[in-house]
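Reproduced below: run.txt, with compact mmCIF, C-alpha atoms.
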```txt
# COMPACT_ATOMS: atom_id res chain seq x y z
CA MET X 968 0.00 0.00 0.00
CA ASP X 969 1.12 3.53 -0.61
CA PHE X 970 1.15 5.49 2.62
CA SER X 971 3.00 8.50 1.27
CA GLY X 972 1.81 11.69 2.90
CA GLN X 973 0.14 9.71 5.67
CA VAL X 974 1.16 8.80 9.17
CA VAL X 975 0.71 5.21 10.25
CA VAL X 976 0.59 4.62 14.00
CA ALA X 977 0.80 1.02 15.18
CA ASP X 978 0.17 -0.13 18.75
CA LEU X 979 2.25 -3.29 19.11
CA GLU X 980 1.61 -6.16 21.48
CA ALA X 981 3.18 -5.89 24.94
CA GLY X 982 6.81 -6.98 25.14
CA VAL X 983 9.37 -7.29 22.40
CA GLY X 984 7.98 -10.23 20.40
CA THR X 985 6.61 -8.13 17.54
CA LEU X 986 9.76 -6.02 17.41
CA THR X 987 11.87 -9.14 16.89
CA ARG X 988 9.86 -9.90 13.74
CA LEU X 989 9.77 -6.38 12.35
CA GLY X 990 11.69 -5.81 9.11
CA GLU X 991 14.19 -3.01 8.69
CA ALA X 992 11.94 -0.84 6.58
CA GLY X 993 8.86 -1.55 8.67
CA VAL X 994 8.93 1.65 10.67
CA ASP X 995 10.94 4.83 10.85
CA LEU X 996 10.28 5.70 14.49
CA VAL X 997 9.78 3.51 17.55
CA LEU X 998 8.20 4.95 20.70
CA ILE X 999 9.19 2.82 23.67
CA VAL X 1000 6.68 3.34 26.47
CA VAL X 1001 8.25 2.75 29.87
CA GLU X 1002 6.84 3.02 33.38
CA PRO X 1003 9.10 3.75 36.37
CA THR X 1004 9.24 0.13 37.54
CA PRO X 1005 12.21 -2.25 37.22
CA LYS X 1006 10.13 -4.66 35.13
CA SER X 1007 9.08 -2.02 32.65
CA VAL X 1008 12.56 -0.49 32.43
CA GLU X 1009 14.05 -3.92 31.74
CA VAL X 1010 11.64 -4.61 28.88
CA GLY X 1011 12.21 -1.10 27.55
CA CYS X 1012 15.99 -1.64 27.53
CA ARG X 1013 15.55 -4.86 25.56
CA ALA X 1014 13.29 -3.04 23.10
CA ALA X 1015 15.85 -0.25 22.69
CA ALA X 1016 18.60 -2.81 22.06
CA LEU X 1017 16.47 -4.48 19.41
CA VAL X 1018 15.74 -1.19 17.67
CA ALA X 1019 19.48 -0.50 17.56
CA ASP X 1020 20.47 -4.05 16.49
CA LYS X 1021 17.92 -4.12 13.71
CA ALA X 1022 18.49 -0.51 12.64
CA LEU X 1023 14.76 0.15 12.83
CA GLY X 1024 15.22 3.90 12.98
CA ARG X 1025 14.90 6.56 15.65
CA ALA X 1026 13.83 5.42 19.11
CA VAL X 1027 12.23 7.76 21.63
CA VAL X 1028 11.48 6.68 25.19
CA VAL X 1029 8.08 7.77 26.47
CA ALA X 1030 8.28 7.80 30.27
CA SER X 1031 4.71 7.16 31.37
CA ARG X 1032 3.01 7.57 34.76
CA ILE X 1033 5.70 9.86 36.11
CA ARG X 1034 4.94 11.07 39.64
CA SER X 1035 8.25 12.52 40.79
CA ASP X 1036 11.75 13.54 39.77
CA ASP X 1037 12.96 10.19 41.10
CA ASP X 1038 10.60 8.37 38.72
CA LEU X 1039 11.98 10.27 35.76
CA THR X 1040 15.59 9.86 36.90
CA MET X 1041 15.12 6.09 37.10
CA ILE X 1042 14.21 6.09 33.41
CA THR X 1043 16.71 8.67 32.13
CA LYS X 1044 19.51 6.74 33.86
CA ALA X 1045 18.44 3.54 32.13
CA PHE X 1046 18.35 5.25 28.72
CA PRO X 1047 21.33 7.63 28.70
CA ASP X 1048 21.55 7.66 24.91
CA HIS X 1049 17.89 8.25 24.20
CA GLU X 1050 15.55 11.18 24.18
CA VAL X 1051 13.15 10.63 27.11
CA VAL X 1052 9.74 12.32 27.03
CA PRO X 1053 7.93 12.43 30.41
CA ILE X 1054 4.18 11.92 30.61
CA PRO X 1055 2.80 12.67 34.10
CA ASP X 1056 0.73 10.19 36.07
CA ASP X 1057 -2.75 11.58 35.54
CA PRO X 1058 -6.05 10.47 37.08
CA ALA X 1059 -7.82 11.70 33.94
CA ILE X 1060 -6.23 8.87 31.95
CA VAL X 1061 -7.34 6.31 34.55
CA GLN X 1062 -10.85 7.72 34.53
CA ALA X 1063 -11.00 7.61 30.73
CA ASP X 1064 -9.87 3.97 30.87
CA ARG X 1065 -12.54 3.16 33.42
CA ASN X 1066 -15.15 4.71 31.17
CA GLY X 1067 -13.79 3.18 27.98
CA VAL X 1068 -13.46 6.54 26.25
CA ALA X 1069 -10.58 8.31 24.52
CA PRO X 1070 -8.66 10.61 26.91
CA LEU X 1071 -8.35 13.12 24.06
CA ASP X 1072 -12.14 13.40 23.99
CA SER X 1073 -12.91 13.17 27.70
CA ALA X 1074 -10.02 15.23 29.09
CA PRO X 1075 -8.26 17.15 26.32
CA ASP X 1076 -6.73 19.59 28.79
CA ALA X 1077 -5.38 17.01 31.25
CA PRO X 1078 -1.61 17.29 31.79
CA ALA X 1079 -0.90 13.81 30.39
CA VAL X 1080 -2.97 14.46 27.29
CA GLN X 1081 -1.27 17.81 26.76
CA ALA X 1082 2.15 16.16 27.06
CA LEU X 1083 1.14 13.67 24.37
CA VAL X 1084 -0.19 16.45 22.15
CA ARG X 1085 3.20 18.19 22.42
CA LEU X 1086 5.00 14.93 21.62
CA ALA X 1087 2.86 14.35 18.53
CA GLU X 1088 3.41 17.93 17.41
CA GLU X 1089 7.17 17.55 17.82
CA LEU X 1090 7.27 14.29 15.89
CA VAL X 1091 4.92 15.30 13.12
CA PRO X 1092 4.53 19.09 13.04
CA SER X 1093 1.15 20.40 11.87
CA PRO X 1094 1.30 21.92 8.37
CA SER X 1095 1.72 25.66 8.73
CA MET W 424 -4.67 -26.65 43.97
CA ARG W 425 -3.74 -25.96 40.36
CA VAL W 426 -4.48 -22.36 39.45
CA ALA W 427 -3.35 -20.10 36.62
CA PHE W 428 -3.64 -16.32 36.74
CA VAL W 429 -4.65 -14.78 33.42
CA GLY W 430 -5.92 -11.39 32.24
CA LYS W 431 -5.00 -8.32 30.27
CA GLY W 432 -1.43 -7.03 30.42
CA GLY W 433 -0.91 -4.71 33.38
CA ALA W 434 -3.93 -6.04 35.27
CA GLY W 435 -1.73 -7.17 38.17
CA LYS W 436 -1.37 -10.91 37.55
CA SER W 437 2.27 -11.12 38.60
CA ALA W 438 1.92 -9.14 41.81
CA ILE W 439 -1.11 -11.14 42.88
CA SER W 440 0.13 -14.58 41.77
CA GLY W 441 3.54 -14.17 43.44
CA THR W 442 1.92 -13.05 46.69
CA PHE W 443 -0.63 -15.86 46.42
CA ALA W 444 2.08 -18.51 45.93
CA ARG W 445 4.04 -17.41 48.99
CA LEU W 446 0.99 -17.14 51.24
CA LEU W 447 -0.03 -20.65 50.18
CA ALA W 448 3.48 -21.93 50.96
CA ARG W 449 3.35 -20.30 54.40
CA ARG W 450 0.48 -22.64 55.19
CA GLY W 451 2.86 -25.54 54.84
CA HIS W 452 1.97 -26.55 51.29
CA PRO W 453 4.59 -27.45 48.71
CA VAL W 454 4.13 -24.81 46.00
CA LEU W 455 5.49 -24.63 42.49
CA ALA W 456 5.17 -21.20 40.87
CA ILE W 457 5.09 -21.45 37.09
CA ASP W 458 6.02 -18.39 35.04
CA SER W 459 5.40 -18.70 31.30
CA ASP W 460 5.63 -14.99 30.56
CA PRO W 461 8.67 -14.13 28.41
CA LEU W 462 8.62 -10.68 30.03
CA PRO W 463 9.81 -9.92 33.56
CA GLY W 464 7.20 -10.31 36.28
CA MET W 465 6.57 -13.06 38.77
CA ALA W 466 10.16 -13.36 40.04
CA TYR W 467 10.03 -9.84 41.49
CA SER W 468 6.71 -10.38 43.23
CA LEU W 469 8.00 -13.63 44.75
CA GLY W 470 10.99 -11.77 46.16
CA LEU W 471 13.69 -13.24 43.93
CA ASP W 472 16.47 -10.91 42.90
CA ARG W 473 17.14 -12.76 39.68
CA ASP W 474 14.48 -12.57 37.01
CA ASP W 475 15.98 -14.62 34.21
CA ALA W 476 16.34 -18.32 35.09
CA PRO W 477 16.07 -20.55 32.02
CA LEU W 478 16.41 -24.31 32.31
CA PRO W 479 20.08 -25.17 31.86
CA ASP W 480 21.36 -26.77 28.68
CA GLU W 481 22.47 -29.85 30.60
CA ALA W 482 18.81 -30.70 31.31
CA ILE W 483 17.83 -30.63 27.64
CA GLU W 484 18.74 -32.65 24.57
CA ASP W 485 17.83 -32.90 20.90
CA ARG W 486 14.99 -35.31 20.27
CA PRO W 487 16.21 -38.33 18.28
CA ASP W 488 15.19 -38.34 14.60
CA ASP W 489 13.14 -41.49 15.00
CA GLU W 490 11.03 -40.02 17.81
CA GLU W 491 7.97 -37.87 17.21
CA GLY W 492 7.58 -34.60 19.06
CA PRO W 493 9.13 -31.18 19.49
CA ARG W 494 12.77 -30.69 18.50
CA TYR W 495 14.08 -30.60 22.07
CA ARG W 496 13.11 -32.57 25.15
CA LEU W 497 14.25 -33.20 28.70
CA ARG W 498 17.42 -35.27 28.84
CA ALA W 499 16.65 -39.00 28.75
CA GLY W 500 16.06 -40.29 32.25
CA LEU W 501 15.20 -36.87 33.69
CA SER W 502 11.55 -36.77 34.73
CA ALA W 503 9.51 -33.59 35.01
CA ALA W 504 9.49 -33.85 38.81
CA GLU W 505 13.27 -34.34 38.94
CA ALA W 506 13.81 -31.43 36.58
CA VAL W 507 11.86 -29.19 38.96
CA GLU W 508 13.74 -30.48 42.01
CA ARG W 509 17.10 -29.88 40.38
CA HIS W 510 16.59 -26.79 38.28
CA ALA W 511 13.67 -24.72 39.59
CA ALA W 512 14.81 -21.70 41.61
CA THR W 513 13.93 -21.53 45.29
CA ALA W 514 12.06 -18.40 46.32
CA PRO W 515 11.27 -17.12 49.81
CA ASP W 516 8.92 -19.26 51.92
CA GLY W 517 10.19 -22.32 50.06
CA VAL W 518 8.26 -21.67 46.86
CA ARG W 519 9.90 -23.40 43.89
CA PHE W 520 9.95 -21.24 40.77
CA LEU W 521 9.95 -22.59 37.25
CA GLN W 522 10.42 -20.50 34.12
CA PHE W 523 12.01 -20.82 30.68
CA GLY W 524 13.97 -17.59 30.69
CA LYS W 525 13.19 -14.15 29.35
CA ILE W 526 13.33 -12.78 25.82
CA ARG W 527 16.32 -10.57 25.27
CA THR W 528 16.88 -9.88 21.62
CA ASP W 529 16.49 -13.16 19.76
CA PRO W 530 13.50 -15.28 20.85
CA ARG W 531 15.08 -18.35 19.20
CA ALA W 532 17.63 -18.42 22.00
CA LEU W 533 14.84 -19.58 24.30
CA PHE W 534 13.55 -22.49 22.16
CA ARG W 535 15.41 -25.24 24.00
CA SER W 536 14.39 -24.07 27.43
CA GLN W 537 10.86 -23.30 26.27
CA LEU W 538 10.23 -26.77 24.85
CA ALA W 539 11.63 -28.46 27.93
CA PHE W 540 9.44 -26.20 30.08
CA ARG W 541 6.37 -27.22 28.04
CA GLN W 542 7.25 -30.86 28.60
CA ILE W 543 7.64 -30.32 32.34
CA ILE W 544 4.29 -28.59 32.83
CA LYS W 545 2.59 -31.30 30.77
CA GLU W 546 4.15 -34.17 32.73
CA LEU W 547 4.11 -32.77 36.29
CA PRO W 548 2.80 -35.30 38.79
CA ASP W 549 -0.60 -34.50 40.29
CA ASP W 550 0.30 -35.08 43.88
CA ARG W 551 3.61 -33.32 44.43
CA TRP W 552 2.98 -29.57 44.40
CA HIS W 553 0.24 -27.03 44.46
CA LEU W 554 0.66 -25.19 41.16
CA VAL W 555 0.35 -21.41 40.82
CA GLY W 556 0.83 -20.11 37.28
CA ASP W 557 1.37 -16.62 35.94
CA LEU W 558 0.54 -16.44 32.24
CA PRO W 559 1.31 -13.53 29.92
CA GLY W 560 -1.38 -10.94 29.28
CA GLY W 561 -3.99 -11.60 26.68
CA THR W 562 -5.69 -14.64 25.27
CA ARG W 563 -2.99 -16.35 23.24
CA GLN W 564 -1.16 -18.51 25.80
CA PRO W 565 -3.98 -19.52 28.14
CA PHE W 566 -5.72 -21.63 25.54
CA THR W 567 -2.82 -22.97 23.53
CA GLY W 568 -1.63 -25.44 26.11
CA TRP W 569 0.43 -23.15 28.35
CA GLY W 570 -2.14 -23.27 31.12
CA ALA W 571 -3.12 -26.91 30.67
CA TYR W 572 -1.91 -27.83 34.15
CA ALA W 573 -4.58 -25.64 35.75
CA ASP W 574 -8.04 -26.70 36.77
CA THR W 575 -8.93 -23.16 37.83
CA TYR W 576 -8.26 -19.99 35.88
CA LEU W 577 -8.26 -16.81 37.91
CA VAL W 578 -8.88 -13.86 35.63
CA VAL W 579 -7.41 -10.69 37.10
CA VAL W 580 -9.69 -7.84 36.08
CA GLU W 581 -9.37 -4.11 36.57
CA PRO W 582 -12.61 -2.14 36.66
CA MET W 583 -11.85 -0.70 33.23
CA ALA W 584 -13.50 -1.22 29.88
CA LYS W 585 -10.50 -2.85 28.16
CA SER W 586 -9.78 -5.19 31.05
CA LEU W 587 -13.43 -6.23 31.30
CA LEU W 588 -13.51 -6.98 27.58
CA SER W 589 -10.42 -9.20 27.94
CA ALA W 590 -12.06 -11.00 30.87
CA ARG W 591 -15.19 -11.73 28.85
CA ARG W 592 -13.08 -13.15 26.02
CA LEU W 593 -11.05 -15.31 28.38
CA ALA W 594 -14.24 -16.61 30.00
CA ARG W 595 -15.70 -17.46 26.60
CA LEU W 596 -12.53 -19.26 25.52
CA ALA W 597 -12.46 -21.20 28.77
CA SER W 598 -16.02 -22.36 28.31
CA ALA W 599 -14.99 -23.76 24.91
CA ALA W 600 -11.89 -25.53 26.30
CA GLU W 601 -11.50 -29.25 25.67
CA ARG W 602 -11.66 -30.12 29.33
CA PRO W 603 -13.65 -28.44 32.06
CA VAL W 604 -11.91 -25.66 33.89
CA GLN W 605 -13.29 -23.39 36.54
CA VAL W 606 -13.01 -19.70 35.65
CA LEU W 607 -13.24 -17.12 38.42
CA ALA W 608 -12.49 -13.41 38.59
CA VAL W 609 -10.20 -11.44 40.88
CA ALA W 610 -11.18 -7.77 40.82
CA ASN W 611 -7.98 -5.74 41.13
CA LYS W 612 -7.27 -2.05 41.71
CA VAL W 613 -10.74 -1.62 43.13
CA SER W 614 -11.25 2.00 44.18
CA GLU W 615 -14.96 2.73 44.10
CA SER W 616 -17.87 1.04 45.81
CA GLY W 617 -19.59 -1.13 43.26
CA ASP W 618 -16.39 -1.93 41.32
CA ALA W 619 -16.43 -5.64 42.23
CA GLU W 620 -20.12 -5.90 41.37
CA MET W 621 -19.43 -4.18 38.07
CA VAL W 622 -16.65 -6.68 37.32
CA ALA W 623 -19.02 -9.57 38.10
CA ARG W 624 -21.81 -8.14 36.02
CA ARG W 625 -19.76 -7.22 32.99
CA SER W 626 -17.39 -10.20 32.94
CA GLY W 627 -20.09 -12.73 33.75
CA LEU W 628 -17.69 -14.33 36.23
CA GLU W 629 -17.95 -14.98 39.94
CA VAL W 630 -15.64 -12.54 41.76
CA VAL W 631 -13.74 -14.45 44.44
CA ALA W 632 -11.48 -11.64 45.61
CA SER W 633 -11.52 -7.87 45.58
CA VAL W 634 -8.05 -6.34 45.81
CA PRO W 635 -8.07 -2.61 46.58
CA LEU W 636 -6.11 -0.02 44.66
CA GLU W 637 -3.44 0.86 47.17
CA PRO W 638 -0.43 3.15 46.83
CA ALA W 639 1.70 0.84 49.02
CA PHE W 640 1.10 -2.14 46.74
CA ALA W 641 1.94 -0.02 43.70
CA ALA W 642 5.06 1.23 45.49
CA ALA W 643 6.30 -2.36 45.82
CA GLU W 644 5.91 -2.72 42.07
CA ARG W 645 7.84 0.48 41.48
CA ALA W 646 10.59 -0.73 43.78
CA GLY W 647 10.73 -4.16 42.12
CA ARG W 648 10.09 -5.79 45.49
CA ALA W 649 7.67 -8.47 46.68
CA PRO W 650 4.58 -6.83 48.20
CA LEU W 651 4.70 -9.49 50.90
CA ASP W 652 8.16 -8.25 51.94
CA LEU W 653 7.65 -4.52 51.50
CA VAL W 654 4.04 -4.02 52.60
CA PRO W 655 2.91 -7.22 54.33
CA GLU W 656 0.22 -5.40 56.30
CA SER W 657 -1.36 -3.74 53.28
CA ALA W 658 -5.02 -4.26 52.53
CA ALA W 659 -4.12 -5.63 49.10
CA VAL W 660 -1.96 -8.39 50.62
CA GLY W 661 -4.82 -9.04 53.02
CA ALA W 662 -7.20 -9.47 50.12
CA VAL W 663 -4.87 -11.98 48.47
CA SER W 664 -4.70 -13.86 51.79
CA LEU W 665 -8.49 -14.09 51.79
CA LEU W 666 -8.30 -15.49 48.26
CA VAL W 667 -5.91 -18.19 49.48
CA ASP W 668 -8.41 -18.98 52.29
CA ARG W 669 -11.15 -19.28 49.76
CA LEU W 670 -9.32 -21.64 47.43
CA ASP W 671 -7.23 -23.61 49.94
CA ARG W 672 -9.92 -26.14 50.60
CA GLN W 673 -9.10 -28.68 47.96
CA PRO W 674 -6.57 -31.49 48.47
CA LEU W 675 -3.85 -31.97 45.88
CA ARG W 676 -5.34 -33.72 42.88
CA GLY W 677 -4.46 -37.41 43.14
CA ALA W 678 -3.36 -37.17 46.77
CA ALA W 679 -4.80 -39.55 49.32
CA THR W 680 -7.51 -37.91 51.41
```

Mind turning the file's structure into structure tokens?
Amino acid sequence: MDFSGQVVVADLEAGVGTLTRLGEAGVDLVLIVVEPTPKSVEVGCRAAALVADKALGRAVVVASRIRSDDDLTMITKAFPDHEVVPIPDDPAIVQADRNGVAPLDSAPDAPAVQALVRLAEELVPSPS
Amino acid sequence: MRVAFVGKGGAGKSAISGTFARLLARRGHPVLAIDSDPLPGMAYSLGLDRDDAPLPDEAIEDRPDDEEGPRYRLRAGLSAAEAVERHAATAPDGVRFLQFGKIRTDPRALFRSQLAFRQIIKELPDDRWHLVGDLPGGTRQPFTGWGAYADTYLVVVEPMAKSLLSARRLARLASAAERPVQVLAVANKVSESGDAEMVARRSGLEVVASVPLEPAFAAAERAGRAPLDLVPESAAVGAVSLLVDRLDRQPLRGAAT
């Protein structure tokens, strides 16, 4: 299919299984979502190593559910060579999940949603 | 008791199953914790400091050409029970911990250990251990043989739309399983009155435990520590203890009564 001029966003299965099967030209950017827990950081590090080994393109670490400076430090220390984008822990996201609705619709002004809007804008700037 | 914890990723299966296994062992039962998730999880909640513990090469051999079956098998003469005795890790409270290792970069590196693990869980004796399994999130593993040792599936469900949808799917798949299995729900991260009832109503499953959303329990996760070690007095650990009470009424399958 021809996707020129379009943005394709894929939400991969948890873990690194899908990444191991992804071809070199499959993507040009990988967003590695990491929570400030040892388990999540470990999986994220494996994902980052795979992206590098397979030359999949740019990798950005999205640090999710950040509550404190310590949370963010835990992740930035684990990914010293990557850009790390913090997304705050935000009850609005939990509430949207409980209600089964999109956070962008139910809480567009919530801090976590705003952080994601800024990330999207940075990655794919709106046409001016 | 032969239980397997299933549910959507992030629902809390590892934290609850690890705590459950240790509390069961504290009652004097021999417990084997079975981790078939290629991602880190159950080891931390059991209180082990090493997450990656594949079966060693010496326990595994190529299957002879004239023998049908997967490419690798347990070394000739090594039974499933012996493999556990020799090679399963020992966690706090005497829980034995079986896993096939964790995916690093190339999943093929795990094939040998994975196939031997499959053989072990298929051939485990009925009367040696209580089995407590932690399966990966989603619906793929539970019904492709990875949970075949279990006679009870405990679906860990958060009071959220996506988690409830996963629970319904798991319940439906279980009802279509080849052999009868009991499917029950554990409501996790419960924060509002009516959450457990909502889980029961929308999953169609009996809720046998209601584990509260509790910062202390989440803090253990963030610290990579066993909740039972870090916050033993928490309400969430208490709820898991009640779950053990509820299920610890059945003798080992095959054991003399």

Problem set entry | Straight-line distance linking CA of Val507 in chain W with CA of Asp475 in chain W, stated in Å to one decimal |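 These atoms are spaced 15.9 Å apart.
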
Exercise. So, counting only C-alpha atoms, which residue among X:Thr987, X:Gln1081, X:Ser1007, X:Ser971 is closest to Asp1057 in chain X?
Worked result: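 Closest to Asp1057 in chain X, using only C-alpha atoms: X:Gln1081.
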
Problem set entry | Nearest to Ala1069 in chain X by atom-to-atom distance, counting all atoms listed in the file, from W:Glu491, W:Glu481, W:Lys585, W:Ala532 |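 Of the candidates, the smallest distance to Ala1069 in chain X is held by W:Lys585.
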
Problem set entry | 8 Å contact set for His553 in chain W, only C-alpha atoms, chain neighbours under 5 positions out, as a VMD selection string | chain W and resid 424 to 425 452 to 455 675

Problem set entry | Selection near Val1068 in chain X, 12 Å with all atoms listed in the file, sequence-local residues under 6 positions removed, as a list in words | Ala1059, Ile1060, Val1061, Gln1062, Ala1074 and Pro1075 of chain X; Met583, Ala584 and Lys585 of chain W

Exercise. Between X:Ala977, X:Val1027, X:Ile1042, X:Leu996, which one has atoms that come closest to chain W, using all atoms listed in the file?
Worked result: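 Comparing X:Ala977, X:Val1027, X:Ile1042, X:Leu996 against chain W, the winner is X:Ile1042.
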
Return as CSV the residues of chain X lying at most 10 Å from chain W, together with the closest atom-to-atom pair for each and the distance in Å to one decimal, counting only C-alpha atoms, with rows in chain order and ascending residue number.
```
residue,atom,partner,partner_atom,distance
X:Glu980,CA,W:Gly561,CA,9.4
X:Ala981,CA,W:Gly432,CA,7.3
X:Gly982,CA,W:Leu462,CA,6.4
X:Val983,CA,W:Ile526,CA,7.6
X:Gly984,CA,W:Pro530,CA,7.5
X:Leu986,CA,W:Thr528,CA,9.1
X:Thr987,CA,W:Asp529,CA,6.8
X:Arg988,CA,W:Asp529,CA,9.5
X:Glu1002,CA,W:Arg645,CA,8.5
X:Pro1003,CA,W:Arg645,CA,6.2
X:Thr1004,CA,W:Arg645,CA,4.2
X:Pro1005,CA,W:Gly647,CA,5.5
X:Lys1006,CA,W:Pro463,CA,5.5
X:Ser1007,CA,W:Pro463,CA,8.0
X:Val1008,CA,W:Pro463,CA,9.9
X:Glu1009,CA,W:Pro463,CA,7.6
X:Val1010,CA,W:Leu462,CA,6.9
X:Cys1012,CA,W:Arg527,CA,9.2
X:Arg1013,CA,W:Arg527,CA,5.8
X:Ala1014,CA,W:Thr528,CA,7.9
X:Ala1015,CA,W:Thr528,CA,9.7
X:Ala1016,CA,W:Thr528,CA,7.3
X:Leu1017,CA,W:Thr528,CA,5.8
X:Val1018,CA,W:Thr528,CA,9.6
X:Asp1020,CA,W:Thr528,CA,8.6
X:Lys1021,CA,W:Thr528,CA,9.8
X:Asp1038,CA,W:Arg645,CA,8.8
X:Val1061,CA,W:Met583,CA,8.4
X:Gln1062,CA,W:Met583,CA,8.6
X:Ala1063,CA,W:Met583,CA,8.7
X:Asp1064,CA,W:Met583,CA,5.6
X:Arg1065,CA,W:Met583,CA,3.9
X:Asn1066,CA,W:Ala584,CA,6.3
X:Gly1067,CA,W:Ala584,CA,4.8
X:Val1068,CA,W:Ala584,CA,8.6
```

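Nearest residue to Pro1058 in chain X among X:Val1000, X:Leu1039, X:Ala1045, X:Ile1033 is X:Ile1033, counting all atoms listed in the file.
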
For this session: Measuring atom to atom with all atoms listed in the file, identify which of W:Pro635, W:Gly627, W:Gly568, W:Gly556 is nearest to Ala590 in chain W.
Result: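 Going through W:Pro635, W:Gly627, W:Gly568, W:Gly556 one by one, the smallest distance to Ala590 in chain W is for W:Gly627.
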
Taking N, CA and C atoms as the atom set, what does range 988-1001 of chain X look like once completed, written as a compact mmCIF listing (two decimals), in the coordinates of the input?
```
# COMPACT_ATOMS: atom_id res chain seq x y z
N ARG X 988 10.27 -9.45 15.09
CA ARG X 988 9.86 -9.90 13.74
C ARG X 988 9.71 -8.75 12.75
N LEU X 989 9.96 -7.55 13.22
CA LEU X 989 9.77 -6.38 12.35
C LEU X 989 10.94 -6.22 11.38
N GLY X 990 10.63 -5.99 10.10
CA GLY X 990 11.69 -5.81 9.11
C GLY X 990 12.30 -4.42 9.20
N GLU X 991 13.44 -4.27 8.58
CA GLU X 991 14.19 -3.01 8.69
C GLU X 991 13.41 -1.80 8.22
N ALA X 992 12.65 -1.99 7.13
CA ALA X 992 11.94 -0.84 6.58
C ALA X 992 10.53 -0.71 7.13
N GLY X 993 10.23 -1.51 8.15
CA GLY X 993 8.86 -1.55 8.67
C GLY X 993 8.41 -0.24 9.30
N VAL X 994 9.30 0.41 9.97
CA VAL X 994 8.93 1.65 10.67
C VAL X 994 10.10 2.64 10.55
N ASP X 995 9.82 3.90 10.80
CA ASP X 995 10.94 4.83 10.85
C ASP X 995 11.10 5.48 12.23
N LEU X 996 10.19 5.16 13.13
CA LEU X 996 10.28 5.70 14.49
C LEU X 996 9.65 4.70 15.44
N VAL X 997 10.35 4.40 16.53
CA VAL X 997 9.78 3.51 17.55
C VAL X 997 9.65 4.29 18.86
N LEU X 998 8.43 4.33 19.40
CA LEU X 998 8.20 4.95 20.70
C LEU X 998 8.15 3.84 21.74
N ILE X 999 9.10 3.87 22.64
CA ILE X 999 9.19 2.82 23.67
C ILE X 999 8.56 3.37 24.95
N VAL X 1000 7.41 2.83 25.31
CA VAL X 1000 6.68 3.34 26.47
C VAL X 1000 7.15 2.59 27.72
N VAL X 1001 7.64 3.35 28.68
CA VAL X 1001 8.25 2.75 29.87
C VAL X 1001 7.65 3.38 31.13
```
